[in-house]
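Trainee: Have a look at this one.
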Amino acid sequence: MALRNRPRLAVWKFASCDGCQLSLLDLEDELLTLAEEIEIANFPEASSAISAGPYDLSLVEGSITTAHDAERIHKVREQSKFLVTIGACATSGGIQALRNFADVNDFISAVYASPQYINTLATSTPISRHVKVDYELQGCPINKAQLAEVVSAYLAGRRPAIASYSVCIECKLRGTPCVMVQGIPCLGPATHSGCGAICPSFRRGCYGCYGPMETPNTAALAKEWTALGATPLDIKRAFRTFNADAEPFRKESEAHGD
Amino acid sequence: MATKSILVDYLARVEGEGALDLHVEDGKVTSAQLRIFEPPRFFEAFLRGRSYAEVPDIVARICGICPIAYQMSAVHAIENAFGAKVDGQLRALRRLIYCGEWIESHGLHVVMLHAPDFLGFPDGIAMARDHGAMVKNGLAIKKAGNEIMQVLGGREIHPVSVKAGGFHRVPTKAELAPLAEKLKRARDLAVGLARWVATFPFPDFEQDYEFVALRHPEEYPFNEGRLVSNRGLDIDIADYDNEFEERHVAHSTALHSVLKKRGAYLVGPMARYALNFDRLPASIQALARDSGLGPVCRNPFRSIVVRAVEIVYALEEALRIIADYERPGEPSAKLEPRAGVGFGCTEAPRGICWHTYELEADGAIKTVRIVPPTSQNQPSIEADLASVAASVLDQPDDFIRHRCEQSIRNYDPCISCSTHFLKLSIHRS
């Protein structure tokens, strides 16, 4: 391979399930081509060859849940020219942000016999709460085609073409009949697109894993859910899952009792 | 006293965060500790109070590499608590989606994460420069597994179709037909992959493991069976706590599991294979023999060959299920929630994943406990490391470090799921 100055990519992990960085390896048809266009300089899940920063593009997976990670993210930022957060954990705190609504000490003692060995923060917070983020890609997990678009756009020096509309538009685009009309509560009207509206195509309501769209009307949606027979607890739980601490979802969940 | 330490800041090509501490005194390894400090996420705590219906979507998020394992163990446990049994084509479809997960997970590990160790490359992409065809074939095999997940579950990571009782939607026969064509091509590539990895240079190393896996009366195990070992264990999955215990050790946020009577044990492909060789079809047994495996493999470095053989098995099993498929009338069995306790144990790509749920009368979760495969293997990984390091102590530190890393990768550890980073320190005094 000709030696040329390719932009340098780093992939970083904080509290997460590894699924979003796995999306890079799931680009089975594009991975080898991608590796010709960008130098994979630091991607420990895939390679033991790790070269020092600075890096041109950093992809950050996971949320901040420890004092150590709250410091480490600043070091990542210092070494990164362009920093993209990938996935619900990095963009909203992820499912582990459910601790933000509880007492973390209760959580620790529920899981561990020797709580004194566990060092953790009381909250799980998105990367943008700690450092400047240049672009956020939502989803639990992210869509690998959107990830390829984000990297391609970076290489071409343009903004990624990622739509900011709701899952409803994706249902219309693929011709899936509305499940709400059939009486199934669905978070699609308030949820950011990107998954391809998978759940309604499997005859179930969207469960909001891509997080809130821009300016969602969650209150109107909650009213529709009530009309379909959902209890306040059902509504609270629905908004309080994979993007529980994303502001519009958090506020809506707080508006409904147990 | 001279002290020497070597640091590796991150164990590469594993999923999650961990470190290794090796203590050497007077030329002998005195301890090997696999430290896992992946930040805990507390699934067992926040599942309390959620509805049973939310569980499959939530537990999938424990691991992006093996979400199906968590979903399957969970739905079986919930159905067990409700006194329900899912049979027929729905059961077959669960096996099919699990085949997809084994193929994609094993495919990723064999070609992109593990093979580079034997051929002296830092990763699969660098290896592709000299072994382009095999890397491309490996990615094609992995893709075939992912396509099973997409067709049945909508996407490869955190699929959306699995529910307690069955599926939200099941495929038509016509949807599975194009998949079968892709799986046939992948099967031919996978046979080539198994023969290729069989030629790798394997360190001469064996351990006398206690293997633990599921065993089913007729099938190579995925979702059901009794828990058995090569040292006489033969129990119902509900009796797990009588024989096994989880210990919280200071150096790990993943709990260590041990057999109460005998200590460390091994789960995963080598255990499944050794305990269920007679459940493999003759064609797969023949492939295993051609690939240099006997009916039992005790060399953890050869686990790459066992994984490659399991890929071929999973592809053939997927093809068999598709050939016999008739779309069931209903996508799921109706469940009647009731108060009770249920158990589920299934074979994740890395070994048994055991769950128990205590449910309220309305189906809300009272308590839950999840034992992932990597935490069960941690004591065995540490025992391997101590032995492997002892056999190469006269070598330069770089060599020791590489061999230790390789020993850990033999297990395809999924440290995120053991709720978890690797830093290698060799302390010599």
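Identifiers in this document derive from the order of the structure tokens: chains are assigned A, B, ..., residues are numbered from 1 separately in each chain, and ligands are numbered from 1 in order of occurrence.
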Taking only region 10-209 of chain A into account, list the residues labelled helix (DSSP H, G or I) by DSSP (computed from the backbone), as a PyMOL selection string.
Mentor: chain A and resi 19-25+31-37+67-78+88-92+95-101+104-111+115-117+127-129+144-156+167-174+188-190+198-201
Trainee: Based on the selection just made, write C-alpha atoms of those residues as a compact mmCIF listing (two decimals), in the first residue's frame.
Mentor:
```
# COMPACT_ATOMS: atom_id res chain seq x y z
CA GLY A 19 -22.34 -2.66 20.22
CA CYS A 20 -21.81 0.76 18.60
CA GLN A 21 -18.08 0.28 17.95
CA LEU A 22 -18.90 -3.24 16.76
CA SER A 23 -20.96 -1.50 14.06
CA LEU A 24 -17.65 -0.44 12.50
CA LEU A 25 -16.60 -4.10 12.24
CA LEU A 31 -14.27 -2.20 6.18
CA LEU A 32 -11.21 -2.97 4.03
CA THR A 33 -11.95 -0.04 1.69
CA LEU A 34 -12.47 2.25 4.64
CA ALA A 35 -9.09 1.17 6.05
CA GLU A 36 -7.46 2.40 2.82
CA GLU A 37 -8.98 5.86 3.22
CA ALA A 67 -14.31 9.73 38.25
CA HIS A 68 -11.50 8.15 36.21
CA ASP A 69 -13.55 8.32 33.01
CA ALA A 70 -14.58 11.92 33.76
CA GLU A 71 -10.85 12.77 33.56
CA ARG A 72 -10.05 10.43 30.68
CA ILE A 73 -12.61 12.06 28.35
CA HIS A 74 -10.73 15.38 28.63
CA LYS A 75 -7.53 13.63 27.50
CA VAL A 76 -9.43 12.14 24.57
CA ARG A 77 -10.75 15.58 23.62
CA GLU A 78 -7.25 17.13 23.80
CA ALA A 88 -27.35 6.37 23.16
CA CYS A 89 -24.81 5.92 25.99
CA ALA A 90 -22.48 8.63 24.61
CA THR A 91 -25.27 11.00 23.51
CA SER A 92 -27.71 10.66 26.43
CA ILE A 95 -29.69 2.72 29.93
CA GLN A 96 -27.21 2.95 32.79
CA ALA A 97 -28.55 6.53 33.30
CA LEU A 98 -31.49 4.89 35.08
CA ARG A 99 -29.30 5.32 38.18
CA ASN A 100 -29.84 9.09 37.78
CA PHE A 101 -33.41 8.50 38.97
CA VAL A 104 -26.72 4.50 43.25
CA ASN A 105 -25.83 2.95 46.60
CA ASP A 106 -29.03 0.90 46.44
CA PHE A 107 -27.96 -0.22 42.96
CA ILE A 108 -24.48 -1.22 44.14
CA SER A 109 -25.75 -3.24 47.06
CA ALA A 110 -28.32 -4.95 44.82
CA VAL A 111 -25.54 -6.35 42.59
CA PRO A 115 -19.79 -2.59 47.76
CA GLN A 116 -16.50 -1.18 49.10
CA TYR A 117 -14.72 -2.56 45.96
CA ILE A 127 -20.02 13.01 26.69
CA SER A 128 -21.36 16.47 25.77
CA ARG A 129 -21.88 17.17 29.49
CA LYS A 144 -23.91 1.17 10.62
CA ALA A 145 -24.87 2.84 7.30
CA GLN A 146 -25.21 6.14 9.19
CA LEU A 147 -21.81 5.53 10.80
CA ALA A 148 -20.31 4.98 7.33
CA GLU A 149 -21.98 8.24 6.24
CA VAL A 150 -20.51 10.15 9.21
CA VAL A 151 -16.99 8.88 8.40
CA SER A 152 -17.42 9.49 4.64
CA ALA A 153 -18.72 13.01 5.27
CA TYR A 154 -15.74 13.70 7.51
CA LEU A 155 -13.36 12.48 4.78
CA ALA A 156 -15.13 14.64 2.20
CA VAL A 167 -39.49 7.47 12.94
CA CYS A 168 -42.98 8.24 11.51
CA ILE A 169 -41.41 9.51 8.29
CA GLU A 170 -39.38 6.29 7.98
CA CYS A 171 -42.58 4.23 8.33
CA LYS A 172 -44.17 6.28 5.55
CA LEU A 173 -41.06 5.90 3.37
CA ARG A 174 -41.06 2.11 3.69
CA GLY A 188 -42.21 6.73 16.83
CA PRO A 189 -43.80 10.22 16.64
CA ALA A 190 -41.27 11.57 19.20
CA ILE A 198 -37.80 -1.55 12.31
CA CYS A 199 -40.20 -2.10 15.19
CA PRO A 200 -43.43 -1.16 13.43
CA SER A 201 -42.37 -3.44 10.55
```
Trainee: Applying 8 Å and only C-alpha atoms, which residues near Pro221 (chain B) remain after dropping the ones on its own chain fewer than 3 positions away? List them as a list in words.
Mentor: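 In the requested format, the answer is Leu214, Arg215, His216, Glu224, Gly225, Arg272, Asn276, Thr346 and Glu347 of chain B.
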Trainee: What would the file look like if the residues just selected were written as a PDB file, in the first residue's frame with N, CA and C atoms?
Mentor:
```
ATOM      1  N   LEU B 214     -24.358 -27.099  28.569  1.00  0.00           N
ATOM      2  CA  LEU B 214     -25.675 -27.717  28.513  1.00  0.00           C
ATOM      3  C   LEU B 214     -25.576 -29.025  27.738  1.00  0.00           C
ATOM      4  N   ARG B 215     -26.457 -29.957  28.075  1.00  0.00           N
ATOM      5  CA  ARG B 215     -26.555 -31.187  27.287  1.00  0.00           C
ATOM      6  C   ARG B 215     -28.026 -31.522  27.105  1.00  0.00           C
ATOM      7  N   HIS B 216     -28.383 -31.726  25.850  1.00  0.00           N
ATOM      8  CA  HIS B 216     -29.765 -31.993  25.454  1.00  0.00           C
ATOM      9  C   HIS B 216     -29.845 -33.444  24.964  1.00  0.00           C
ATOM     10  N   GLU B 224     -31.661 -25.242  25.513  1.00  0.00           N
ATOM     11  CA  GLU B 224     -32.192 -26.131  26.548  1.00  0.00           C
ATOM     12  C   GLU B 224     -31.242 -27.281  26.832  1.00  0.00           C
ATOM     13  N   GLY B 225     -31.385 -27.816  28.032  1.00  0.00           N
ATOM     14  CA  GLY B 225     -30.635 -29.008  28.413  1.00  0.00           C
ATOM     15  C   GLY B 225     -30.330 -28.995  29.888  1.00  0.00           C
ATOM     16  N   ARG B 272     -18.555 -27.085  25.329  1.00  0.00           N
ATOM     17  CA  ARG B 272     -19.721 -27.597  24.573  1.00  0.00           C
ATOM     18  C   ARG B 272     -19.325 -28.763  23.699  1.00  0.00           C
ATOM     19  N   ASN B 276     -20.497 -32.611  24.095  1.00  0.00           N
ATOM     20  CA  ASN B 276     -21.589 -32.875  23.154  1.00  0.00           C
ATOM     21  C   ASN B 276     -21.102 -33.339  21.787  1.00  0.00           C
ATOM     22  N   THR B 346     -28.811 -20.643  28.571  1.00  0.00           N
ATOM     23  CA  THR B 346     -28.603 -20.951  27.159  1.00  0.00           C
ATOM     24  C   THR B 346     -27.122 -20.821  26.830  1.00  0.00           C
ATOM     25  N   GLU B 347     -26.741 -21.353  25.666  1.00  0.00           N
ATOM     26  CA  GLU B 347     -25.335 -21.364  25.266  1.00  0.00           C
ATOM     27  C   GLU B 347     -25.008 -20.136  24.425  1.00  0.00           C
TER      28      GLU B 347
END
```
Trainee: Skipping near chain neighbours, those fewer than 4 positions away, what residues fall within 10 Å of Ala140 (chain B) using only C-alpha atoms, listed as a ChimeraX atom specification?
Mentor: /A:28-29 /B:104,107,134-136,144-146,182-183,185-186,189-190
Trainee: Give me the residues within 8 Å of Glu243 (chain B) as a list of chain:residue names, counting only C-alpha atoms and dropping any in the same chain fewer than 4 places off.
Mentor: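 Those residues are B:Asp239, B:Leu259, B:Lys260, B:Lys261.
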Trainee: Write out as JSON, numbers by chain the residues lying within 8 Å of Phe249 (chain A), counting only C-alpha atoms and excluding same-chain residues fewer than 2 positions away.
Mentor: {"A": [211, 212, 218, 239, 240, 243, 244, 245, 246, 247, 251, 252, 253]}
Trainee: Have a look at A:Ser114, A:Gly94, A:Ala10, A:Asn217 and name the one nearest to Ala49 (chain A); count only C-alpha atoms.
Mentor: A:Ala10
Trainee: Counting only C-alpha atoms, which residues of region 145-223 of chain B sit at most 10 Å from some atom of region 373-397 of chain B, and what is each one's closest atom pair with its distance in Å to one decimal, listed by chain and rising residue number, as JSON lines?
Mentor:
```
{"residue": "B:Pro203", "atom": "CA", "partner": "B:Val388", "partner_atom": "CA", "distance": 9.6}
{"residue": "B:Phe205", "atom": "CA", "partner": "B:Val388", "partner_atom": "CA", "distance": 7.8}
{"residue": "B:Glu206", "atom": "CA", "partner": "B:Asp384", "partner_atom": "CA", "distance": 9.2}
{"residue": "B:Gln207", "atom": "CA", "partner": "B:Asp384", "partner_atom": "CA", "distance": 7.5}
{"residue": "B:Tyr209", "atom": "CA", "partner": "B:Ser380", "partner_atom": "CA", "distance": 8.1}
{"residue": "B:Glu210", "atom": "CA", "partner": "B:Ser380", "partner_atom": "CA", "distance": 9.4}
{"residue": "B:Val212", "atom": "CA", "partner": "B:Gln376", "partner_atom": "CA", "distance": 9.9}
```
Trainee: In Å, rounded to a single decimal, give me how far CA of Asp278 (chain B) is from CA of Arg350 (chain B).
Mentor: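 Computing the Euclidean distance for CA of Arg350 (chain B) and CA of Asp278 (chain B) yields 20.3 Å.
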Trainee: What does the structure give for the distance between CA of His192 (chain A) and CA of Pro177 (chain A), in Å to one decimal?
Mentor: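 CA of Pro177 (chain A) lies 18.5 Å from CA of His192 (chain A).
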Trainee: Just the residues within 6 Å of Cys209 (chain A), please, counting only C-alpha atoms, with nothing from its chain fewer than 3 positions along; format it as a list of chain:residue names.
Mentor: A:Gly139, A:Cys140, A:Phe242
Trainee: Got time to write the residues from that selection, N, CA and C atoms, as an mmCIF file, in the first residue's frame?
Mentor:
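Full text of part_29.cif as output:
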```cif
data_model
loop_
_atom_site.group_PDB
_atom_site.id
_atom_site.type_symbol
_atom_site.label_atom_id
_atom_site.label_comp_id
_atom_site.auth_asym_id
_atom_site.auth_seq_id
_atom_site.Cartn_x
_atom_site.Cartn_y
_atom_site.Cartn_z
ATOM 1 N N GLY A 139 -28.710 6.556 18.647
ATOM 2 C CA GLY A 139 -29.189 5.196 18.386
ATOM 3 C C GLY A 139 -28.662 4.180 19.370
ATOM 4 N N CYS A 140 -29.502 3.197 19.691
ATOM 5 C CA CYS A 140 -29.084 2.106 20.593
ATOM 6 C C CYS A 140 -29.492 0.786 19.962
ATOM 7 N N PHE A 242 -33.832 3.542 27.205
ATOM 8 C CA PHE A 242 -32.465 3.601 26.667
ATOM 9 C C PHE A 242 -31.925 5.023 26.540
#
```
Trainee: Tell me which of B:Val258, B:Ile97, B:Ala364, B:Val296 sits closest to chain A, counting only C-alpha atoms.
Mentor: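 Nearest candidate to chain A out of B:Val258, B:Ile97, B:Ala364, B:Val296: B:Ala364.
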Trainee: Among region 302-389 of chain B, which residues does DSSP mark as strand (DSSP E) when it is run on the backbone? Keep the chain and numbering as in the structure and answer as JSON, numbers by chain.
Mentor: {"B": [340, 341, 342, 343, 344, 345, 346, 347, 348, 351, 352, 353, 354, 355, 356, 357, 358, 359, 365, 366, 367, 368, 369, 370, 371]}
Trainee: Skip Glu214 (chain A) itself and residues of its chain fewer than 5 positions away, then list as a list in words all residues within 10 Å of it, counting only C-alpha atoms.
Mentor: Ser164, Tyr165, Ser166, Ala190, Thr191, His192 and Pro248 of chain A
Trainee: Output C-alpha atoms of each residue in that selection to a file, as a PDB file, in the first residue's frame.
Mentor:
```
ATOM      1  CA  SER A 164     -33.502  14.751  11.915  1.00  0.00           C
ATOM      2  CA  TYR A 165     -37.157  13.829  11.419  1.00  0.00           C
ATOM      3  CA  SER A 166     -39.096  11.217  13.398  1.00  0.00           C
ATOM      4  CA  ALA A 190     -41.275  11.569  19.202  1.00  0.00           C
ATOM      5  CA  THR A 191     -38.283   9.408  18.308  1.00  0.00           C
ATOM      6  CA  HIS A 192     -35.325  10.340  16.083  1.00  0.00           C
ATOM      7  CA  PRO A 248     -37.426  15.711  26.436  1.00  0.00           C
TER       8      PRO A 248
END
```
